[in-house]
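Undergrad: See target.cif below, with mmCIF, N, CA and C atoms.
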data_final
#
loop_
_atom_site.label_atom_id
_atom_site.label_comp_id
_atom_site.auth_asym_id
_atom_site.auth_seq_id
_atom_site.Cartn_x
_atom_site.Cartn_y
_atom_site.Cartn_z
N LEU A 1 105.70 -98.79 -198.71
CA LEU A 1 106.74 -98.94 -197.68
C LEU A 1 107.65 -100.11 -198.03
N GLN A 2 108.94 -99.90 -197.85
CA GLN A 2 109.88 -101.00 -197.99
C GLN A 2 109.78 -101.85 -196.74
N LYS A 3 110.28 -103.04 -196.79
CA LYS A 3 110.25 -103.92 -195.63
C LYS A 3 110.99 -103.24 -194.47
N GLY A 4 110.26 -102.95 -193.41
CA GLY A 4 110.87 -102.38 -192.22
C GLY A 4 111.25 -100.91 -192.32
N VAL A 5 110.72 -100.19 -193.34
CA VAL A 5 111.07 -98.78 -193.51
C VAL A 5 109.79 -97.96 -193.72
N ALA A 6 109.60 -96.94 -192.89
CA ALA A 6 108.48 -96.01 -193.07
C ALA A 6 109.04 -94.68 -193.55
N LYS A 7 108.39 -94.10 -194.53
CA LYS A 7 108.81 -92.80 -195.03
C LYS A 7 107.77 -91.76 -194.64
N ALA A 8 108.04 -91.03 -193.56
CA ALA A 8 107.13 -90.01 -193.06
C ALA A 8 107.42 -88.66 -193.69
N ALA A 9 108.58 -88.51 -194.28
CA ALA A 9 108.96 -87.23 -194.88
C ALA A 9 107.95 -86.83 -195.95
N ARG A 10 107.74 -85.54 -196.09
CA ARG A 10 106.83 -84.95 -197.08
C ARG A 10 105.36 -85.18 -196.78
N HIS A 11 105.03 -85.60 -195.57
CA HIS A 11 103.65 -85.73 -195.13
C HIS A 11 103.36 -84.62 -194.13
N THR A 12 102.07 -84.32 -193.94
CA THR A 12 101.71 -83.40 -192.86
C THR A 12 101.93 -84.14 -191.54
N ALA A 13 101.94 -83.41 -190.45
CA ALA A 13 102.12 -84.03 -189.13
C ALA A 13 101.02 -85.05 -188.87
N ALA A 14 99.77 -84.71 -189.19
CA ALA A 14 98.66 -85.63 -188.95
C ALA A 14 98.80 -86.89 -189.80
N GLN A 15 99.16 -86.73 -191.07
CA GLN A 15 99.37 -87.88 -191.95
C GLN A 15 100.51 -88.75 -191.43
N ALA A 16 101.60 -88.11 -191.03
CA ALA A 16 102.76 -88.85 -190.54
C ALA A 16 102.42 -89.63 -189.27
N GLU A 17 101.65 -89.03 -188.39
CA GLU A 17 101.27 -89.71 -187.15
C GLU A 17 100.46 -90.97 -187.46
N ASN A 18 99.49 -90.85 -188.35
CA ASN A 18 98.69 -92.02 -188.73
C ASN A 18 99.56 -93.07 -189.43
N LEU A 19 100.44 -92.63 -190.31
CA LEU A 19 101.33 -93.54 -191.01
C LEU A 19 102.21 -94.31 -190.03
N LEU A 20 102.75 -93.61 -189.04
CA LEU A 20 103.65 -94.26 -188.08
C LEU A 20 102.91 -95.26 -187.20
N ARG A 21 101.71 -94.91 -186.75
CA ARG A 21 100.93 -95.86 -185.95
C ARG A 21 100.67 -97.15 -186.75
N GLN A 22 100.25 -96.98 -187.99
CA GLN A 22 99.97 -98.13 -188.84
C GLN A 22 101.26 -98.92 -189.12
N PHE A 23 102.33 -98.22 -189.43
CA PHE A 23 103.60 -98.86 -189.73
C PHE A 23 104.10 -99.69 -188.55
N LEU A 24 104.04 -99.12 -187.34
CA LEU A 24 104.53 -99.86 -186.16
C LEU A 24 103.65 -101.08 -185.86
N ALA A 25 102.35 -100.95 -186.09
CA ALA A 25 101.46 -102.11 -185.90
C ALA A 25 101.82 -103.21 -186.90
N GLU A 26 102.06 -102.83 -188.16
CA GLU A 26 102.44 -103.81 -189.19
C GLU A 26 103.81 -104.41 -188.90
N ALA A 27 104.71 -103.61 -188.37
CA ALA A 27 106.04 -104.13 -188.02
C ALA A 27 105.92 -105.23 -186.97
N HIS A 28 105.05 -105.01 -185.98
CA HIS A 28 104.82 -106.05 -184.97
C HIS A 28 104.17 -107.28 -185.60
N ASP A 29 103.19 -107.06 -186.48
CA ASP A 29 102.51 -108.19 -187.12
C ASP A 29 103.48 -109.07 -187.91
N HIS A 30 104.53 -108.45 -188.46
CA HIS A 30 105.53 -109.19 -189.24
C HIS A 30 106.79 -109.53 -188.44
N ASP A 31 106.72 -109.35 -187.12
CA ASP A 31 107.83 -109.69 -186.21
C ASP A 31 109.13 -108.99 -186.56
N HIS A 32 109.06 -107.73 -187.00
CA HIS A 32 110.26 -106.94 -187.22
C HIS A 32 110.75 -106.44 -185.86
N GLY A 33 111.97 -106.76 -185.51
CA GLY A 33 112.52 -106.32 -184.24
C GLY A 33 113.14 -104.94 -184.32
N CYS A 34 113.54 -104.54 -185.52
CA CYS A 34 114.15 -103.23 -185.72
C CYS A 34 113.64 -102.66 -187.04
N VAL A 35 113.23 -101.39 -187.00
CA VAL A 35 112.72 -100.72 -188.20
C VAL A 35 113.38 -99.37 -188.35
N ARG A 36 113.26 -98.81 -189.56
CA ARG A 36 113.81 -97.48 -189.83
C ARG A 36 112.68 -96.56 -190.24
N ILE A 37 112.64 -95.39 -189.65
CA ILE A 37 111.65 -94.38 -190.00
C ILE A 37 112.39 -93.20 -190.60
N ILE A 38 112.03 -92.85 -191.83
CA ILE A 38 112.66 -91.71 -192.51
C ILE A 38 111.73 -90.51 -192.33
N HIS A 39 112.17 -89.55 -191.54
CA HIS A 39 111.34 -88.38 -191.25
C HIS A 39 111.84 -87.12 -191.93
N GLY A 40 113.00 -87.19 -192.52
CA GLY A 40 113.61 -86.00 -193.14
C GLY A 40 114.29 -85.14 -192.09
N LYS A 41 114.99 -84.15 -192.56
CA LYS A 41 115.76 -83.29 -191.64
C LYS A 41 115.01 -82.04 -191.24
N GLY A 42 113.86 -81.78 -191.86
CA GLY A 42 113.05 -80.63 -191.48
C GLY A 42 113.59 -79.29 -191.94
N LEU A 43 114.35 -79.30 -193.00
CA LEU A 43 114.96 -78.06 -193.47
C LEU A 43 113.93 -77.11 -194.07
N GLN A 44 112.77 -77.61 -194.44
CA GLN A 44 111.74 -76.77 -195.02
C GLN A 44 110.62 -76.48 -194.03
N ALA A 45 110.80 -76.84 -192.77
CA ALA A 45 109.75 -76.67 -191.76
C ALA A 45 109.56 -75.19 -191.43
N ASP A 46 108.34 -74.85 -191.05
CA ASP A 46 108.04 -73.48 -190.64
C ASP A 46 108.81 -73.13 -189.36
N GLY A 47 109.39 -71.96 -189.33
CA GLY A 47 110.11 -71.51 -188.15
C GLY A 47 111.42 -72.22 -187.91
N GLY A 48 111.83 -73.08 -188.81
CA GLY A 48 113.11 -73.75 -188.67
C GLY A 48 113.11 -74.98 -187.78
N ALA A 49 111.99 -75.28 -187.08
CA ALA A 49 111.92 -76.47 -186.22
C ALA A 49 111.59 -77.69 -187.08
N PRO A 50 112.28 -78.79 -186.90
CA PRO A 50 112.01 -80.00 -187.68
C PRO A 50 110.73 -80.69 -187.18
N VAL A 51 109.60 -80.34 -187.75
CA VAL A 51 108.28 -80.77 -187.27
C VAL A 51 108.16 -82.29 -187.22
N LEU A 52 108.43 -82.98 -188.32
CA LEU A 52 108.25 -84.43 -188.35
C LEU A 52 109.27 -85.15 -187.48
N LYS A 53 110.48 -84.66 -187.46
CA LYS A 53 111.51 -85.28 -186.61
C LYS A 53 111.08 -85.19 -185.14
N ASN A 54 110.58 -84.04 -184.73
CA ASN A 54 110.13 -83.86 -183.34
C ASN A 54 108.89 -84.71 -183.06
N LEU A 55 107.98 -84.82 -184.03
CA LEU A 55 106.79 -85.65 -183.87
C LEU A 55 107.17 -87.10 -183.67
N VAL A 56 108.06 -87.61 -184.51
CA VAL A 56 108.52 -89.00 -184.39
C VAL A 56 109.16 -89.23 -183.03
N ASP A 57 110.00 -88.32 -182.59
CA ASP A 57 110.65 -88.43 -181.29
C ASP A 57 109.61 -88.53 -180.17
N ARG A 58 108.63 -87.63 -180.18
CA ARG A 58 107.59 -87.65 -179.13
C ARG A 58 106.78 -88.94 -179.17
N MET A 59 106.40 -89.36 -180.36
CA MET A 59 105.60 -90.59 -180.47
C MET A 59 106.35 -91.81 -179.96
N LEU A 60 107.62 -91.92 -180.34
CA LEU A 60 108.39 -93.10 -179.93
C LEU A 60 108.64 -93.12 -178.43
N ARG A 61 108.85 -91.96 -177.83
CA ARG A 61 109.08 -91.89 -176.38
C ARG A 61 107.86 -92.36 -175.57
N LEU A 62 106.66 -92.19 -176.14
CA LEU A 62 105.43 -92.51 -175.43
C LEU A 62 104.96 -93.95 -175.64
N ARG A 63 105.60 -94.67 -176.51
CA ARG A 63 105.15 -96.03 -176.83
C ARG A 63 105.84 -97.07 -175.96
N ALA A 64 105.05 -97.91 -175.33
CA ALA A 64 105.59 -98.98 -174.48
C ALA A 64 106.27 -100.07 -175.30
N ASP A 65 105.92 -100.18 -176.59
CA ASP A 65 106.49 -101.22 -177.43
C ASP A 65 107.82 -100.82 -178.07
N VAL A 66 108.31 -99.63 -177.78
CA VAL A 66 109.59 -99.16 -178.29
C VAL A 66 110.64 -99.28 -177.19
N LEU A 67 111.63 -100.12 -177.40
CA LEU A 67 112.68 -100.31 -176.40
C LEU A 67 113.74 -99.22 -176.48
N ALA A 68 114.07 -98.80 -177.71
CA ALA A 68 115.11 -97.80 -177.91
C ALA A 68 115.02 -97.26 -179.32
N PHE A 69 115.57 -96.05 -179.53
CA PHE A 69 115.67 -95.50 -180.88
C PHE A 69 116.82 -94.51 -180.92
N HIS A 70 117.37 -94.34 -182.12
CA HIS A 70 118.54 -93.50 -182.29
C HIS A 70 118.62 -93.05 -183.74
N SER A 71 119.24 -91.90 -183.99
CA SER A 71 119.46 -91.45 -185.36
C SER A 71 120.19 -92.54 -186.13
N ALA A 72 119.82 -92.70 -187.38
CA ALA A 72 120.40 -93.73 -188.23
C ALA A 72 121.83 -93.36 -188.62
N PRO A 73 122.65 -94.36 -188.98
CA PRO A 73 123.97 -94.07 -189.52
C PRO A 73 123.83 -93.26 -190.82
N ALA A 74 124.88 -92.57 -191.20
CA ALA A 74 124.84 -91.70 -192.39
C ALA A 74 124.37 -92.44 -193.64
N ASN A 75 124.78 -93.68 -193.81
CA ASN A 75 124.41 -94.44 -195.02
C ASN A 75 122.97 -94.94 -194.99
N GLN A 76 122.25 -94.70 -193.88
CA GLN A 76 120.84 -95.10 -193.77
C GLN A 76 119.94 -93.90 -193.51
N GLY A 77 120.44 -92.70 -193.72
CA GLY A 77 119.61 -91.51 -193.56
C GLY A 77 120.12 -90.52 -192.55
N GLY A 78 121.10 -90.90 -191.75
CA GLY A 78 121.68 -89.98 -190.76
C GLY A 78 120.63 -89.34 -189.87
N THR A 79 120.74 -88.05 -189.66
CA THR A 79 119.80 -87.36 -188.76
C THR A 79 118.43 -87.15 -189.39
N GLY A 80 118.25 -87.62 -190.63
CA GLY A 80 116.94 -87.56 -191.29
C GLY A 80 116.16 -88.85 -191.14
N ALA A 81 116.68 -89.77 -190.34
CA ALA A 81 116.02 -91.06 -190.12
C ALA A 81 116.35 -91.56 -188.72
N VAL A 82 115.55 -92.50 -188.25
CA VAL A 82 115.77 -93.07 -186.93
C VAL A 82 115.59 -94.58 -187.01
N LEU A 83 116.47 -95.30 -186.30
CA LEU A 83 116.34 -96.74 -186.16
C LEU A 83 115.61 -97.01 -184.85
N VAL A 84 114.66 -97.94 -184.89
CA VAL A 84 113.79 -98.19 -183.74
C VAL A 84 113.87 -99.67 -183.38
N LEU A 85 114.17 -99.96 -182.12
CA LEU A 85 114.18 -101.31 -181.60
C LEU A 85 112.84 -101.57 -180.93
N LEU A 86 112.12 -102.58 -181.44
CA LEU A 86 110.78 -102.87 -180.93
C LEU A 86 110.77 -104.05 -179.98
N ALA A 87 109.92 -103.97 -178.96
CA ALA A 87 109.73 -105.08 -178.04
C ALA A 87 108.94 -106.17 -178.75
N ARG A 88 109.19 -107.40 -178.40
CA ARG A 88 108.43 -108.52 -178.94
C ARG A 88 107.08 -108.57 -178.24
N ARG A 89 106.07 -108.97 -178.97
CA ARG A 89 104.72 -109.11 -178.37
C ARG A 89 104.54 -110.49 -177.81
#
Go ahead and express the file in the form of structure tokens.

TA:
Amino acid sequence: LQKGVAKAARHTAAQAENLLRQFLAEAHDHDHGCVRIIHGKGLQADGGAPVLKNLVDRMLRLRADVLAFHSAPANQGGTGAVLVLLARR
């Protein structure tokens, strides 16, 4: 992982979920206030639904330590990535 960047793309949903939990815990440990999660656009997902993008969205919505999140600007991954604002511990 790059500093403040998690790459969930190309993982199974279960792997991505574990990766994201660990990544967000490490982000807090290193006092990162904003991180980027690269989930990919889901163009190869079964049935056309972006599995990892939807998983990341659901996980972030349920976390009390996430203040806000939004699709990244085009130069940082666009709709294949999300920027996450974390609450301070």

Undergrad: For Val5 (chain A), which residue out of A:Leu62, A:Ala49, A:Val35, A:Val84 is the nearest one, using only N, CA and C atoms?

TA: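 The closest residue to Val5 (chain A) is A:Val35.
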
Undergrad: Apply DSSP to the structure's backbone, then extract all residues of chain A labelled alpha helix (DSSP H) and return them as a VMD selection string.

TA: chain A and resid 13 to 29 51 to 62

Undergrad: Excluding region 64-79 of chain A and any residue of its chain fewer than 5 positions from it, enumerate the residues within 6 Å of it, using all atoms listed in the file, and give them as a PyMOL selection string.

TA: chain A and resi 40-41+84-87

Undergrad: Give me, as a VMD selection string, the residues of chain A that a backbone DSSP run labels strand (DSSP E).

TA: chain A and resid 5 to 7 34 to 38 66 to 71 81 to 86

Undergrad: Can you list what the PyMOL selection byres ((chain A and resi 50-58) around 8) grabs from this structure, as an NGL selection string?

TA: :A and (8-13 or 16-17 or 38-49 or 59-63 or 79-81)

Undergrad: Enter the distance from atom N of Gln15 (chain A) to CA of Ala27 (chain A), in Å, rounded to one decimal.

TA: 19.0 Å

Undergrad: Measure the distance from CA of His30 (chain A) to atom N of Leu83 (chain A) in Å and round it to one decimal.

TA: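 Straight-line distance from CA of His30 (chain A) to atom N of Leu83 (chain A) works out to 17.9 Å.
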
Undergrad: May I ask for the distance between CA of Lys7 (chain A) and CA of His28 (chain A), given in Å to one decimal place?

TA: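 About the pair CA of Lys7 (chain A) and CA of His28 (chain A): they are 17.1 Å apart.
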